file upload.txt (compact mmCIF, C-alpha atoms and all ligand atoms)
# COMPACT_ATOMS: atom_id res chain seq x y z
CA MET B 1 1.17 -17.07 -5.57
CA LYS B 2 3.13 -15.25 -8.18
CA LYS B 3 6.42 -13.73 -7.12
CA HIS B 4 7.50 -11.61 -10.06
CA PHE B 5 5.59 -9.06 -12.04
CA GLU B 6 6.81 -8.00 -15.47
CA LEU B 7 5.50 -5.11 -17.53
CA SER B 8 4.90 -7.56 -20.38
CA ASP B 9 2.27 -9.29 -18.16
CA ASP B 10 -0.09 -6.30 -18.38
CA ARG B 11 -3.39 -7.39 -19.95
CA SER B 12 -5.14 -4.04 -19.51
CA LEU B 13 -5.50 -3.55 -23.27
CA SER B 14 -7.66 -6.69 -23.54
CA SER B 15 -11.42 -6.42 -24.07
CA ARG B 16 -13.72 -5.86 -21.11
CA GLU B 17 -14.84 -9.51 -21.30
CA GLU B 18 -11.27 -10.79 -21.27
CA VAL B 19 -10.39 -8.55 -18.33
CA ARG B 20 -13.43 -9.88 -16.48
CA ARG B 21 -12.46 -13.52 -17.13
CA LEU B 22 -8.89 -12.88 -15.99
CA GLN B 23 -10.11 -11.11 -12.84
CA ASP B 24 -12.60 -13.86 -12.04
CA ARG B 25 -9.83 -16.45 -12.16
CA LEU B 26 -7.50 -14.36 -9.97
CA LEU B 27 -10.35 -13.48 -7.61
CA ALA B 28 -11.11 -17.17 -6.97
CA GLU B 29 -7.40 -17.71 -6.25
CA GLN B 30 -7.19 -14.69 -3.95
CA ILE B 31 -10.26 -15.58 -1.87
CA ARG B 32 -8.92 -19.12 -1.43
CA TYR B 33 -5.52 -17.71 -0.44
CA CYS B 34 -7.26 -15.57 2.20
CA ARG B 35 -9.14 -18.57 3.59
CA ASN B 36 -5.95 -20.62 3.81
CA ASN B 37 -3.50 -17.99 5.06
CA SER B 38 -5.23 -15.05 6.74
CA PRO B 39 -6.45 -15.82 10.28
CA PHE B 40 -9.04 -13.04 10.00
CA TYR B 41 -10.62 -14.43 6.84
CA ARG B 42 -10.26 -18.04 7.91
CA GLU B 43 -12.72 -17.21 10.65
CA LYS B 44 -14.78 -14.60 8.81
CA LEU B 45 -15.36 -16.77 5.71
CA ALA B 46 -15.88 -20.05 7.57
CA ALA B 47 -19.66 -19.66 7.35
CA PHE B 48 -19.55 -19.22 3.56
CA PRO B 49 -19.22 -22.08 1.05
CA ASP B 50 -15.69 -22.64 -0.23
CA ARG B 51 -16.22 -22.12 -3.94
CA ASP B 52 -14.60 -20.35 -6.89
CA HIS B 53 -15.82 -16.83 -6.35
CA ASP B 54 -16.27 -14.48 -9.32
CA PHE B 55 -17.37 -10.87 -9.67
CA ASP B 56 -21.04 -11.80 -9.22
CA THR B 57 -20.69 -14.08 -6.21
CA LEU B 58 -18.22 -11.72 -4.54
CA GLN B 59 -21.34 -9.82 -3.43
CA ASP B 60 -22.25 -12.73 -1.16
CA LEU B 61 -19.15 -12.16 0.97
CA PRO B 62 -18.93 -9.62 3.80
CA THR B 63 -17.08 -6.34 3.38
CA THR B 64 -14.03 -5.36 5.44
CA SER B 65 -13.85 -1.96 7.16
CA LYS B 66 -11.01 0.18 8.48
CA ARG B 67 -12.34 -0.62 11.92
CA ASP B 68 -11.83 -4.36 11.27
CA LEU B 69 -8.23 -3.60 10.31
CA ALA B 70 -7.63 -1.57 13.45
CA GLU B 71 -9.31 -4.00 15.82
CA HIS B 72 -7.90 -7.25 14.42
CA ASN B 73 -4.72 -5.90 12.93
CA GLU B 74 -2.41 -8.88 13.28
CA ALA B 75 -5.08 -11.39 12.26
CA PHE B 76 -4.85 -9.92 8.76
CA PHE B 77 -1.19 -10.92 8.34
CA ALA B 78 -1.13 -13.88 5.95
CA VAL B 79 2.60 -14.62 6.17
CA PRO B 80 4.93 -15.36 9.10
CA PRO B 81 7.11 -12.46 10.34
CA SER B 82 10.01 -13.75 8.22
CA GLY B 83 7.93 -13.12 5.10
CA ILE B 84 7.29 -9.44 5.85
CA ALA B 85 9.54 -7.09 3.86
CA ASP B 86 8.03 -3.69 4.72
CA ILE B 87 5.83 -2.32 7.51
CA CYS B 88 3.77 0.86 7.25
CA PHE B 89 1.48 2.65 9.63
CA THR B 90 -1.82 4.34 9.02
CA SER B 91 -3.50 6.42 11.67
CA GLY B 92 -6.47 4.02 11.78
CA THR B 93 -9.99 4.81 12.90
CA THR B 94 -9.43 4.25 16.59
CA GLY B 95 -6.48 6.62 16.80
CA ASN B 96 -4.12 3.70 17.37
CA PRO B 97 -1.64 3.18 14.57
CA CYS B 98 -2.65 0.36 12.29
CA ARG B 99 0.04 -1.72 10.58
CA ILE B 100 -0.04 -2.58 6.91
CA VAL B 101 2.56 -5.17 5.93
CA TYR B 102 3.99 -6.07 2.54
CA THR B 103 5.96 -9.04 1.28
CA ALA B 104 8.76 -8.69 -1.28
CA SER B 105 6.24 -9.95 -3.85
CA ASP B 106 3.79 -7.19 -2.81
CA LEU B 107 6.49 -4.53 -3.29
CA ASP B 108 7.26 -5.93 -6.73
CA ARG B 109 3.53 -5.91 -7.47
CA LEU B 110 3.35 -2.23 -6.46
CA ALA B 111 6.29 -1.35 -8.71
CA TYR B 112 4.56 -3.19 -11.55
CA ASN B 113 1.32 -1.32 -10.75
CA ASP B 114 2.94 2.10 -11.13
CA ALA B 115 4.97 1.03 -14.15
CA CYS B 116 1.65 0.12 -15.83
CA GLY B 117 0.27 3.51 -14.76
CA TYR B 118 3.25 5.36 -16.26
CA ARG B 119 2.83 3.47 -19.51
CA ALA B 120 -0.89 4.30 -19.57
CA SER B 121 -0.10 7.99 -19.02
CA GLY B 122 1.97 8.03 -22.19
CA MET B 123 5.38 8.05 -20.55
CA GLU B 124 8.19 6.44 -22.52
CA ALA B 125 11.18 4.40 -21.39
CA GLY B 126 14.32 6.50 -21.19
CA GLU B 127 12.49 9.60 -19.94
CA LYS B 128 13.29 11.25 -16.62
CA VAL B 129 10.89 11.41 -13.68
CA LEU B 130 11.31 14.00 -10.93
CA LEU B 131 9.88 12.60 -7.68
CA THR B 132 8.81 15.41 -5.34
CA CYS B 133 7.27 13.01 -2.80
CA THR B 134 9.08 11.23 -0.01
CA ILE B 135 9.98 7.56 -0.38
CA ASP B 136 10.48 7.13 3.36
CA ARG B 137 8.31 8.15 6.36
CA CYS B 138 6.29 4.93 5.84
CA PHE B 139 4.81 6.42 2.66
CA ILE B 140 4.35 3.29 0.57
CA ALA B 141 3.12 5.15 -2.52
CA GLY B 142 6.37 7.12 -2.70
CA LEU B 143 8.38 3.91 -2.68
CA ALA B 144 6.04 2.41 -5.30
CA TYR B 145 6.39 5.47 -7.55
CA TYR B 146 10.16 5.17 -7.34
CA GLN B 147 10.33 1.42 -7.92
CA GLY B 148 7.78 1.78 -10.70
CA VAL B 149 10.11 4.20 -12.51
CA VAL B 150 12.93 1.66 -12.28
CA LYS B 151 10.71 -1.20 -13.48
CA PHE B 152 9.34 0.93 -16.30
CA GLY B 153 12.82 1.72 -17.59
CA ALA B 154 12.77 5.47 -16.95
CA SER B 155 15.22 7.43 -14.76
CA ALA B 156 14.17 8.54 -11.30
CA ILE B 157 15.34 11.82 -9.79
CA ARG B 158 14.60 11.38 -6.09
CA ASN B 159 14.63 15.00 -5.03
CA GLY B 160 11.80 14.24 -2.59
CA LEU B 161 10.40 16.76 -0.14
CA ASN B 162 12.89 19.43 -1.17
CA THR B 163 12.53 23.20 -1.64
CA LEU B 164 10.96 24.87 -4.68
CA GLU B 165 14.39 26.32 -5.43
CA SER B 166 15.97 22.87 -5.47
CA HIS B 167 13.29 21.35 -7.73
CA ALA B 168 13.57 24.36 -10.07
CA GLU B 169 17.29 23.76 -10.33
CA VAL B 170 16.66 20.08 -11.21
CA ILE B 171 14.20 21.16 -13.91
CA ARG B 172 16.65 23.73 -15.30
CA THR B 173 19.61 21.37 -15.45
CA LEU B 174 18.17 17.86 -15.92
CA ARG B 175 15.05 18.75 -17.97
CA PRO B 176 12.74 15.95 -16.70
CA GLU B 177 9.74 15.11 -18.89
CA ASN B 178 7.66 13.97 -15.89
CA ILE B 179 6.99 15.06 -12.31
CA VAL B 180 5.29 13.04 -9.57
CA GLY B 181 3.86 15.13 -6.75
CA VAL B 182 0.99 16.67 -4.80
CA PRO B 183 -0.98 19.04 -7.08
CA SER B 184 -1.04 22.04 -4.71
CA PHE B 185 2.74 21.78 -4.39
CA LEU B 186 3.19 21.41 -8.15
CA ALA B 187 1.07 24.55 -8.68
CA LYS B 188 3.47 26.41 -6.36
CA LEU B 189 6.40 24.99 -8.31
CA GLY B 190 4.87 26.17 -11.59
CA GLN B 191 4.45 29.67 -10.14
CA TYR B 192 8.01 29.64 -8.83
CA LEU B 193 9.39 28.70 -12.27
CA ALA B 194 7.31 31.44 -13.90
CA ASP B 195 8.46 34.08 -11.39
CA ALA B 196 12.09 33.00 -11.70
CA GLY B 197 11.93 32.94 -15.51
CA ILE B 198 12.94 29.25 -15.63
CA ASP B 199 11.71 27.29 -18.65
CA GLY B 200 9.62 24.33 -17.41
CA SER B 201 8.34 23.32 -20.85
CA CYS B 202 10.34 20.07 -20.76
CA VAL B 203 7.65 18.71 -18.40
CA LYS B 204 4.99 16.83 -20.40
CA ARG B 205 3.30 14.88 -17.62
CA LEU B 206 2.36 15.56 -14.02
CA ILE B 207 1.41 12.46 -12.04
CA CYS B 208 -0.78 14.06 -9.38
CA ILE B 209 -1.13 12.33 -6.02
CA GLY B 210 -3.29 12.84 -2.95
CA GLU B 211 -5.63 15.60 -4.11
CA PRO B 212 -8.37 15.41 -6.75
CA ILE B 213 -7.94 17.71 -9.75
CA ARG B 214 -11.24 16.91 -11.43
CA THR B 215 -14.87 17.53 -10.52
CA ARG B 216 -17.88 15.20 -10.65
CA LYS B 217 -18.29 16.24 -14.32
CA MET B 218 -14.60 15.46 -15.02
CA ALA B 219 -13.79 19.16 -15.58
CA LEU B 220 -10.63 20.49 -13.96
CA THR B 221 -10.98 21.95 -10.46
CA PRO B 222 -9.48 25.44 -9.93
CA LEU B 223 -6.35 23.66 -8.67
CA GLY B 224 -6.23 21.54 -11.83
CA GLU B 225 -6.72 24.65 -13.96
CA LYS B 226 -3.86 26.36 -12.18
CA LEU B 227 -1.57 23.40 -12.96
CA GLU B 228 -2.59 23.43 -16.60
CA ARG B 229 -1.82 27.13 -16.94
CA PHE B 230 1.83 26.24 -16.36
CA TRP B 231 1.78 22.83 -18.08
CA PRO B 232 -1.10 22.58 -20.57
CA GLY B 233 -2.48 19.07 -21.01
CA ALA B 234 -0.03 17.57 -18.50
CA ALA B 235 -2.06 16.72 -15.39
CA HIS B 236 -2.88 13.05 -14.75
CA SER B 237 -4.76 12.25 -11.59
CA THR B 238 -4.19 9.10 -9.55
CA TYR B 239 -5.92 7.33 -6.69
CA ALA B 240 -4.30 4.93 -4.24
CA SER B 241 -4.17 3.94 -0.59
CA SER B 242 -1.76 1.87 1.45
CA GLU B 243 -4.45 -0.71 2.34
CA ILE B 244 -5.58 -1.52 -1.19
CA VAL B 245 -2.00 -1.90 -2.51
CA THR B 246 -3.25 -0.63 -5.84
CA SER B 247 -3.07 2.67 -7.70
CA PHE B 248 -5.33 3.99 -10.43
CA THR B 249 -3.65 6.28 -12.97
CA GLU B 250 -5.22 8.32 -15.73
CA CYS B 251 -4.22 7.22 -19.21
CA SER B 252 -3.48 9.65 -22.04
CA VAL B 253 -7.24 10.31 -22.40
CA ARG B 254 -7.09 11.87 -18.90
CA CYS B 255 -10.63 11.01 -17.91
CA GLY B 256 -10.58 8.63 -14.93
CA GLY B 257 -7.89 6.33 -13.54
CA HIS B 258 -7.35 2.72 -14.62
CA PRO B 259 -6.10 0.00 -12.26
CA PRO B 260 -4.04 -2.67 -14.07
CA ALA B 261 -6.28 -5.58 -15.11
CA GLU B 262 -4.74 -8.25 -12.94
CA LEU B 263 -4.42 -6.30 -9.68
CA ALA B 264 -7.84 -5.32 -8.37
CA VAL B 265 -11.58 -5.91 -8.45
CA VAL B 266 -13.50 -2.72 -7.74
CA GLU B 267 -17.08 -2.26 -6.55
CA ILE B 268 -18.96 0.95 -5.74
CA LEU B 269 -21.37 0.40 -2.85
CA ASP B 270 -24.27 2.35 -1.37
CA ASP B 271 -24.95 2.85 2.35
CA GLU B 272 -26.58 -0.57 2.57
CA GLY B 273 -23.62 -2.28 0.93
CA ARG B 274 -25.31 -2.88 -2.42
CA ARG B 275 -23.59 -2.20 -5.74
CA VAL B 276 -24.71 1.00 -7.46
CA PRO B 277 -24.97 1.24 -11.26
CA ASP B 278 -21.86 2.50 -13.08
CA GLY B 279 -21.81 6.30 -13.12
CA GLU B 280 -23.42 6.67 -9.70
CA PRO B 281 -21.32 7.69 -6.71
CA GLY B 282 -20.79 5.38 -3.76
CA GLU B 283 -18.07 4.00 -1.53
CA VAL B 284 -15.03 2.68 -3.40
CA THR B 285 -14.62 -0.94 -2.31
CA VAL B 286 -11.58 -2.87 -3.49
CA THR B 287 -10.51 -6.50 -3.46
CA PRO B 288 -6.81 -6.37 -4.37
CA LEU B 289 -5.62 -9.39 -6.37
CA GLN B 290 -2.30 -11.28 -6.06
CA VAL B 291 -1.52 -9.72 -2.66
CA THR B 292 0.30 -12.04 -0.24
CA GLY B 293 1.21 -10.06 2.92
CA MET B 294 -2.08 -8.54 4.03
CA PRO B 295 -4.79 -9.55 1.56
CA LEU B 296 -8.17 -7.86 1.89
CA VAL B 297 -11.59 -8.89 0.66
CA ARG B 298 -14.05 -6.14 -0.29
CA PHE B 299 -12.20 -3.42 1.60
CA ARG B 300 -14.34 -0.31 2.13
CA THR B 301 -12.01 2.64 1.59
CA GLY B 302 -14.31 5.33 2.98
CA ASP B 303 -13.76 7.31 -0.25
CA VAL B 304 -16.70 8.21 -2.45
CA SER B 305 -16.28 8.09 -6.21
CA PHE B 306 -17.88 6.53 -9.28
CA ILE B 307 -17.07 4.33 -12.26
CA ILE B 308 -17.18 5.99 -15.67
CA PRO B 309 -19.54 3.74 -17.66
CA GLU B 310 -18.31 4.34 -21.22
CA PRO B 311 -15.39 2.30 -22.58
CA CYS B 312 -12.18 4.33 -22.57
CA PRO B 313 -10.97 5.56 -25.99
CA CYS B 314 -7.45 4.40 -25.01
CA GLY B 315 -8.62 0.80 -25.61
CA ARG B 316 -8.14 -0.49 -22.08
CA GLY B 317 -10.77 -2.97 -20.99
CA THR B 318 -10.22 -2.02 -17.35
CA LEU B 319 -12.61 0.27 -15.52
CA ARG B 320 -12.05 3.99 -15.04
CA LEU B 321 -12.49 5.49 -11.58
CA GLY B 322 -13.58 9.14 -11.35
CA PRO B 323 -12.16 11.64 -8.85
CA VAL B 324 -12.69 11.12 -5.14
CA LEU B 325 -15.68 13.37 -4.38
CA GLY B 326 -15.06 13.21 -0.65
CA ARG B 327 -14.80 11.01 2.41
CA LYS B 328 -17.96 9.11 3.20
CA ALA B 329 -17.79 10.42 6.77
CA GLN B 330 -17.73 14.01 5.44
CA MET B 331 -20.86 13.69 3.33
CA LEU B 332 -23.23 16.62 3.85
CA LYS B 333 -26.99 16.38 3.73
CA VAL B 334 -28.70 19.71 3.40
CA ARG B 335 -32.45 19.85 2.87
CA GLY B 336 -32.48 16.71 0.75
CA THR B 337 -29.31 17.45 -1.22
CA THR B 338 -26.21 15.31 -0.74
CA LEU B 339 -22.82 16.87 -1.36
CA PHE B 340 -19.24 17.05 -0.09
CA PRO B 341 -17.14 19.86 1.37
CA GLY B 342 -15.05 19.78 -1.82
CA ALA B 343 -17.95 21.26 -3.78
CA PHE B 344 -17.62 24.41 -1.64
CA PHE B 345 -13.82 24.31 -1.44
CA ASN B 346 -13.47 24.20 -5.23
CA VAL B 347 -15.47 27.44 -5.47
CA LEU B 348 -13.43 29.11 -2.71
CA ASP B 349 -10.15 28.00 -4.36
CA GLY B 350 -11.26 29.81 -7.50
CA ILE B 351 -11.86 33.22 -5.86
CA PRO B 352 -8.55 35.14 -6.00
CA GLY B 353 -9.27 37.43 -3.00
CA VAL B 354 -9.91 34.50 -0.64
CA VAL B 355 -6.66 33.80 1.19
CA GLU B 356 -7.83 31.10 3.61
CA TYR B 357 -11.05 29.36 4.59
CA TYR B 358 -12.61 26.54 6.56
CA MET B 359 -16.00 24.98 7.09
CA GLU B 360 -17.90 24.00 10.22
CA VAL B 361 -20.81 21.61 10.08
CA GLY B 362 -23.33 21.19 12.85
CA GLY B 363 -27.02 20.39 12.96
CA THR B 364 -29.29 17.47 13.54
CA ALA B 365 -29.72 14.09 11.92
CA LEU B 366 -32.29 15.61 9.54
CA SER B 367 -30.24 18.38 8.02
CA ASP B 368 -26.68 19.61 8.35
CA GLU B 369 -25.95 23.26 9.04
CA ILE B 370 -22.94 24.55 7.19
CA THR B 371 -21.01 27.70 8.04
CA ILE B 372 -18.10 28.92 5.94
CA PHE B 373 -15.36 31.06 7.48
CA VAL B 374 -13.35 33.14 5.02
CA ALA B 375 -10.24 35.29 5.36
CA CYS B 376 -9.93 37.84 2.54
CA ALA B 377 -7.03 39.77 1.07
CA GLU B 378 -6.33 43.30 2.40
CA GLY B 379 -9.24 45.63 1.60
CA ALA B 380 -11.66 42.89 0.51
CA THR B 381 -14.61 41.33 2.34
CA PRO B 382 -16.71 38.22 1.62
CA GLU B 383 -19.44 40.65 0.47
CA THR B 384 -17.25 42.59 -1.99
CA LEU B 385 -15.91 39.29 -3.36
CA GLY B 386 -19.44 37.87 -3.71
CA VAL B 387 -18.46 34.69 -1.85
CA ALA B 388 -21.98 33.64 -0.78
CA GLU B 389 -23.40 34.23 -4.29
CA LYS B 390 -20.61 32.24 -5.92
CA LEU B 391 -21.11 29.34 -3.49
CA TYR B 392 -24.84 29.39 -4.18
CA GLY B 393 -24.21 29.51 -7.94
CA ARG B 394 -22.31 26.22 -7.82
CA THR B 395 -24.06 24.33 -5.01
CA ARG B 396 -27.60 25.81 -5.02
CA ILE B 397 -27.37 26.01 -1.24
CA HIS B 398 -27.42 29.21 0.79
CA VAL B 399 -24.77 29.10 3.50
CA PRO B 400 -23.72 31.76 6.00
CA VAL B 401 -20.27 33.18 5.23
CA ILE B 402 -18.40 34.72 8.14
CA ALA B 403 -15.31 36.92 7.77
CA VAL B 404 -12.32 36.00 9.93
CA ASP B 405 -8.82 37.43 9.90
CA ALA B 406 -6.08 35.51 8.11
CA SER B 407 -4.00 34.66 11.17
CA GLU B 408 -7.03 33.25 13.00
CA ALA B 409 -8.02 31.17 9.97
CA ARG B 410 -4.49 29.82 9.58
CA ARG B 411 -4.35 28.90 13.25
CA ARG B 412 -7.51 26.88 12.84
CA VAL B 413 -6.52 25.28 9.51
CA PHE B 414 -2.94 24.39 10.40
CA GLY B 415 -3.40 24.09 14.15
CA THR B 416 -4.11 20.41 14.61
CA SER B 417 -2.05 18.63 12.00
CA ARG B 418 0.77 19.05 9.52
CA LYS B 419 -1.75 18.77 6.73
CA PRO B 420 -4.27 21.61 6.38
CA VAL B 421 -7.68 20.78 7.86
CA ARG B 422 -10.56 22.81 6.45
CA PHE B 423 -13.48 20.63 7.53
CA PHE B 424 -14.66 20.65 11.13
CA ASP B 425 -17.42 18.22 11.98
CA LEU B 426 -19.46 19.35 14.98
CA ARG B 427 -22.42 17.09 14.16
CA LYS B 428 -23.69 14.73 16.80
CA ASN B 429 -22.62 11.17 16.02
CA ALA B 430 -19.80 12.51 13.83
CA LEU B 431 -17.33 9.72 13.07
ZN ZN G 1 -7.94 4.98 -20.82
call {"tool": "encode", "arguments": {"input": "upload.txt", "output": "structure tokens"}}
result
Amino acid sequence: MKKHFELSDDRSLSSREEVRRLQDRLLAEQIRYCRNNSPFYREKLAAFPDRDHDFDTLQDLPTTSKRDLAEHNEAFFAVPPSGIADICFTSGTTGNPCRIVYTASDLDRLAYNDACGYRASGMEAGEKVLLTCTIDRCFIAGLAYYQGVVKFGASAIRNGLNTLESHAEVIRTLRPENIVGVPSFLAKLGQYLADAGIDGSCVKRLICIGEPIRTRKMALTPLGEKLERFWPGAAHSTYASSEIVTSFTECSVRCGGHPPAELAVVEILDDEGRRVPDGEPGEVTVTPLQVTGMPLVRFRTGDVSFIIPEPCPCGRGTLRLGPVLGRKAQMLKVRGTTLFPGAFFNVLDGIPGVVEYYMEVGGTALSDEITIFVACAEGATPETLGVAEKLYGRTRIHVPVIAVDASEARRRVFGTSRKPVRFFDLRKNAL
């Protein structure tokens, strides 16, 4: 297994066929590594012939779920304790924390991954990158973004989870060309700069993490539009998770995120675990390549997205992943239509008089029943704002809209977790 990753190794600009050949070779190596070193896969793959797997035969192997990770956590560790360089926790499906471990080689691989992403985004060595995300608190992506800056040859400004005022001061004095952060926070930062009369035009690129900024049709969501009002043409979306040890970053074309060629094989699967044609949504399933600490085979992320079929004008032969449309567990089925809460939330985000909202879903196995609760600005009501009509206009589904007062809505949305929760699943058999 490789121990060092250099930016010059990146083969993403090869043709699709060359990328495929490279991935097939690395995939065969990775599956064999799993058989030899991961107790979980040693057992799980014992019934399958030991052969050189490629993209086609990968389909013969079983998928791995978050539940597998939670239930057999330690059996996934493919190195002895002395080989583990970093330990993270995810909340897991069972509520018990689930450990994800990384070797020094995995951390280097992550840095390489983000360095490739920065290069794809159009960033240049010598530029400055303001990091508004934490690099501690077991947030592996934050560490990877930081180490990626170093590997790429840019300068990191680790201002982290600091105040708007503090970030504005960094922008005023250090003039960074790039910011890494959560889009809703960056939109607040843009507004703060505008209100304070601080020139933020030095910022050419926003590397957006954690929240989608594009719709199914690759148009900007209201949140994405807000960002682009402050920084036109700057927003690049990304997708990553701590389990897949891989991030997908939008190149300068800004239409779907590329993983580096030699780091991941991606499949999009339907409910029965079959591959769907490119362009169709399904569950993002990733086999990370060249991972040594906690390698995974066909890991089902629970996120629903799609592969953009057309070759990317940037020349990369790697696939492009669209925005995450939602969590598989949050999929809504209403009278034969399948959609995600985000389709409603995007509309609500775009109505200026709506100050807070959440959704409850109940119903039977046949059809979900959606109710939207909306808190409006002083003097407005859901009726005067036309909330139900606007939701119908975008989703073609009539849903009841109930007015609630802002403090009640905030209690519900911010009551259970530090992150806002706007989706409440009251369905029977809800995951
Ligand atoms: Zn591209």
call {"tool": "residues_around", "arguments": {"input": "upload.txt", "residues": "segment 394-411 of chain B", "least_positions_apart": "3", "cutoff": "10 Å", "atoms": "only C-alpha atoms", "output": "JSON, numbers by chain"}}
result
{"B": [334, 335, 337, 339, 343, 344, 346, 347, 354, 355, 356, 357, 358, 359, 369, 370, 371, 372, 373, 374, 375, 376, 377, 378, 381, 382, 383, 387, 388, 389, 390, 391, 414, 415, 416, 420, 421, 422]}
call {"tool": "residues_around", "arguments": {"input": "upload.txt", "residues": "Thr287 of chain B", "least_positions_apart": "2", "cutoff": "8 Å", "atoms": "all atoms listed in the file", "output": "list of chain:residue names"}}
result
B:Ile244, B:Ala264, B:Val265, B:Val266, B:Thr285, B:Leu289, B:Leu296, B:Val297, B:Arg298, B:Phe299
call {"tool": "atom_distance", "arguments": {"input": "upload.txt", "atom1": "atom CA of Thr221 of chain B", "atom2": "atom CA of Phe306 of chain B"}}
result
16.9 Å
call {"tool": "residues_around", "arguments": {"input": "upload.txt", "residues": "Pro212 of chain B", "least_positions_apart": "5", "cutoff": "7 Å", "atoms": "only C-alpha atoms", "output": "count of residues only"}}
result
3
call {"tool": "atom_distance", "arguments": {"input": "upload.txt", "atom1": "atom CA of Arg16 of chain B", "atom2": "atom CA of Ser241 of chain B"}}
result
24.7 Å
call {"tool": "residues_around", "arguments": {"input": "upload.txt", "residues": "Ser252 of chain B", "least_positions_apart": "5", "cutoff": "10 Å", "atoms": "all atoms listed in the file", "output": "ChimeraX atom specification"}}
result
/B:118-123,205,233-236,313-314
call {"tool": "residues_around", "arguments": {"input": "upload.txt", "residues": "Ser166 of chain B", "least_positions_apart": "6", "cutoff": "12 Å", "atoms": "all atoms listed in the file", "output": "PyMOL selection string"}}
result
chain B and resi 130+132+157-160+172-174+189+192-193
call {"tool": "write_last_selection", "arguments": {"input": "upload.txt", "atoms": "C-alpha atoms", "output": "PDB file, keeping the file's coordinate frame"}}
result
ATOM      1  CA  LEU B 130      11.310  14.000 -10.930  1.00  0.00           C
ATOM      2  CA  THR B 132       8.810  15.410  -5.340  1.00  0.00           C
ATOM      3  CA  ILE B 157      15.340  11.820  -9.790  1.00  0.00           C
ATOM      4  CA  ARG B 158      14.600  11.380  -6.090  1.00  0.00           C
ATOM      5  CA  ASN B 159      14.630  15.000  -5.030  1.00  0.00           C
ATOM      6  CA  GLY B 160      11.800  14.240  -2.590  1.00  0.00           C
ATOM      7  CA  ARG B 172      16.650  23.730 -15.300  1.00  0.00           C
ATOM      8  CA  THR B 173      19.610  21.370 -15.450  1.00  0.00           C
ATOM      9  CA  LEU B 174      18.170  17.860 -15.920  1.00  0.00           C
ATOM     10  CA  LEU B 189       6.400  24.990  -8.310  1.00  0.00           C
ATOM     11  CA  TYR B 192       8.010  29.640  -8.830  1.00  0.00           C
ATOM     12  CA  LEU B 193       9.390  28.700 -12.270  1.00  0.00           C
TER      13      LEU B 193
END
call {"tool": "axis_aligned_box", "arguments": {"input": "upload.txt", "around": "segment 75-83 of chain B", "padding_each_side": "8 Å", "output": "lines of an AutoDock Vina configuration file"}}
result
center_x = 2.5
center_y = -12.6
center_z = 8.7
size_x = 31.1
size_y = 21.4
size_z = 23.2
call {"tool": "residues_near_ligand", "arguments": {"input": "upload.txt", "ligand": "ligand ZN 1 (chain G)", "cutoff": "7 Å", "atoms": "only C-alpha atoms and all ligand atoms", "output": "ChimeraX atom specification"}}
result
/B:250-253,258,312-316
call {"tool": "residues_near_point", "arguments": {"input": "upload.txt", "point": "(16.7, -2.1, -20.3)", "cutoff": "9 Å", "atoms": "only C-alpha atoms", "output": "PyMOL selection string"}}
result
chain B and resi 125-126+152-153
call {"tool": "atom_distance", "arguments": {"input": "upload.txt", "atom1": "atom CA of Arg99 of chain B", "atom2": "atom CA of Ala329 of chain B"}}
result
21.9 Å
call {"tool": "closest_residue", "arguments": {"input": "upload.txt", "among": "B:Asp108, B:Asp349, B:Glu280, B:Asp60", "to": "Ala85 of chain B", "atoms": "all atoms listed in the file"}}
result
B:Asp108
call {"tool": "closest_residue", "arguments": {"input": "upload.txt", "among": "B:Lys44, B:Phe340, B:Lys419, B:Pro259", "to": "Gly210 of chain B", "atoms": "all atoms listed in the file"}}
result
B:Lys419
call {"tool": "closest_residue", "arguments": {"input": "upload.txt", "among": "B:Ala194, B:Ile140, B:Leu13, B:Ala70", "to": "Pro260 of chain B", "atoms": "all atoms listed in the file"}}
result
B:Leu13
call {"tool": "closest_residue", "arguments": {"input": "upload.txt", "among": "B:Thr318, B:Thr338, B:Gln290, B:Thr163", "to": "Val19 of chain B", "atoms": "only C-alpha atoms"}}
result
B:Thr318
call {"tool": "closest_residue", "arguments": {"input": "upload.txt", "among": "B:Asn37, B:Thr90, B:Leu263, B:Ala168", "to": "Arg67 of chain B", "atoms": "only C-alpha atoms"}}
result
B:Thr90
call {"tool": "decode", "arguments": {"input": "upload.txt", "residues": "segment 113-124 of chain B", "atoms": "C-alpha atoms", "output": "PDB file, in the first residue's frame"}}
result
ATOM      1  CA  ASN B 113      -7.716  14.534  -2.041  1.00  0.00           C
ATOM      2  CA  ASP B 114      -8.476  18.126  -1.053  1.00  0.00           C
ATOM      3  CA  ALA B 115      -5.374  19.472  -2.766  1.00  0.00           C
ATOM      4  CA  CYS B 116      -6.693  17.894  -6.003  1.00  0.00           C
ATOM      5  CA  GLY B 117     -10.093  19.474  -5.280  1.00  0.00           C
ATOM      6  CA  TYR B 118      -8.550  22.923  -4.801  1.00  0.00           C
ATOM      7  CA  ARG B 119      -6.669  22.575  -8.057  1.00  0.00           C
ATOM      8  CA  ALA B 120      -9.853  21.515  -9.855  1.00  0.00           C
ATOM      9  CA  SER B 121     -11.686  24.546  -8.450  1.00  0.00           C
ATOM     10  CA  GLY B 122      -9.169  26.850 -10.111  1.00  0.00           C
ATOM     11  CA  MET B 123      -7.231  27.781  -6.994  1.00  0.00           C
ATOM     12  CA  GLU B 124      -3.568  28.639  -7.507  1.00  0.00           C
TER      13      GLU B 124
END
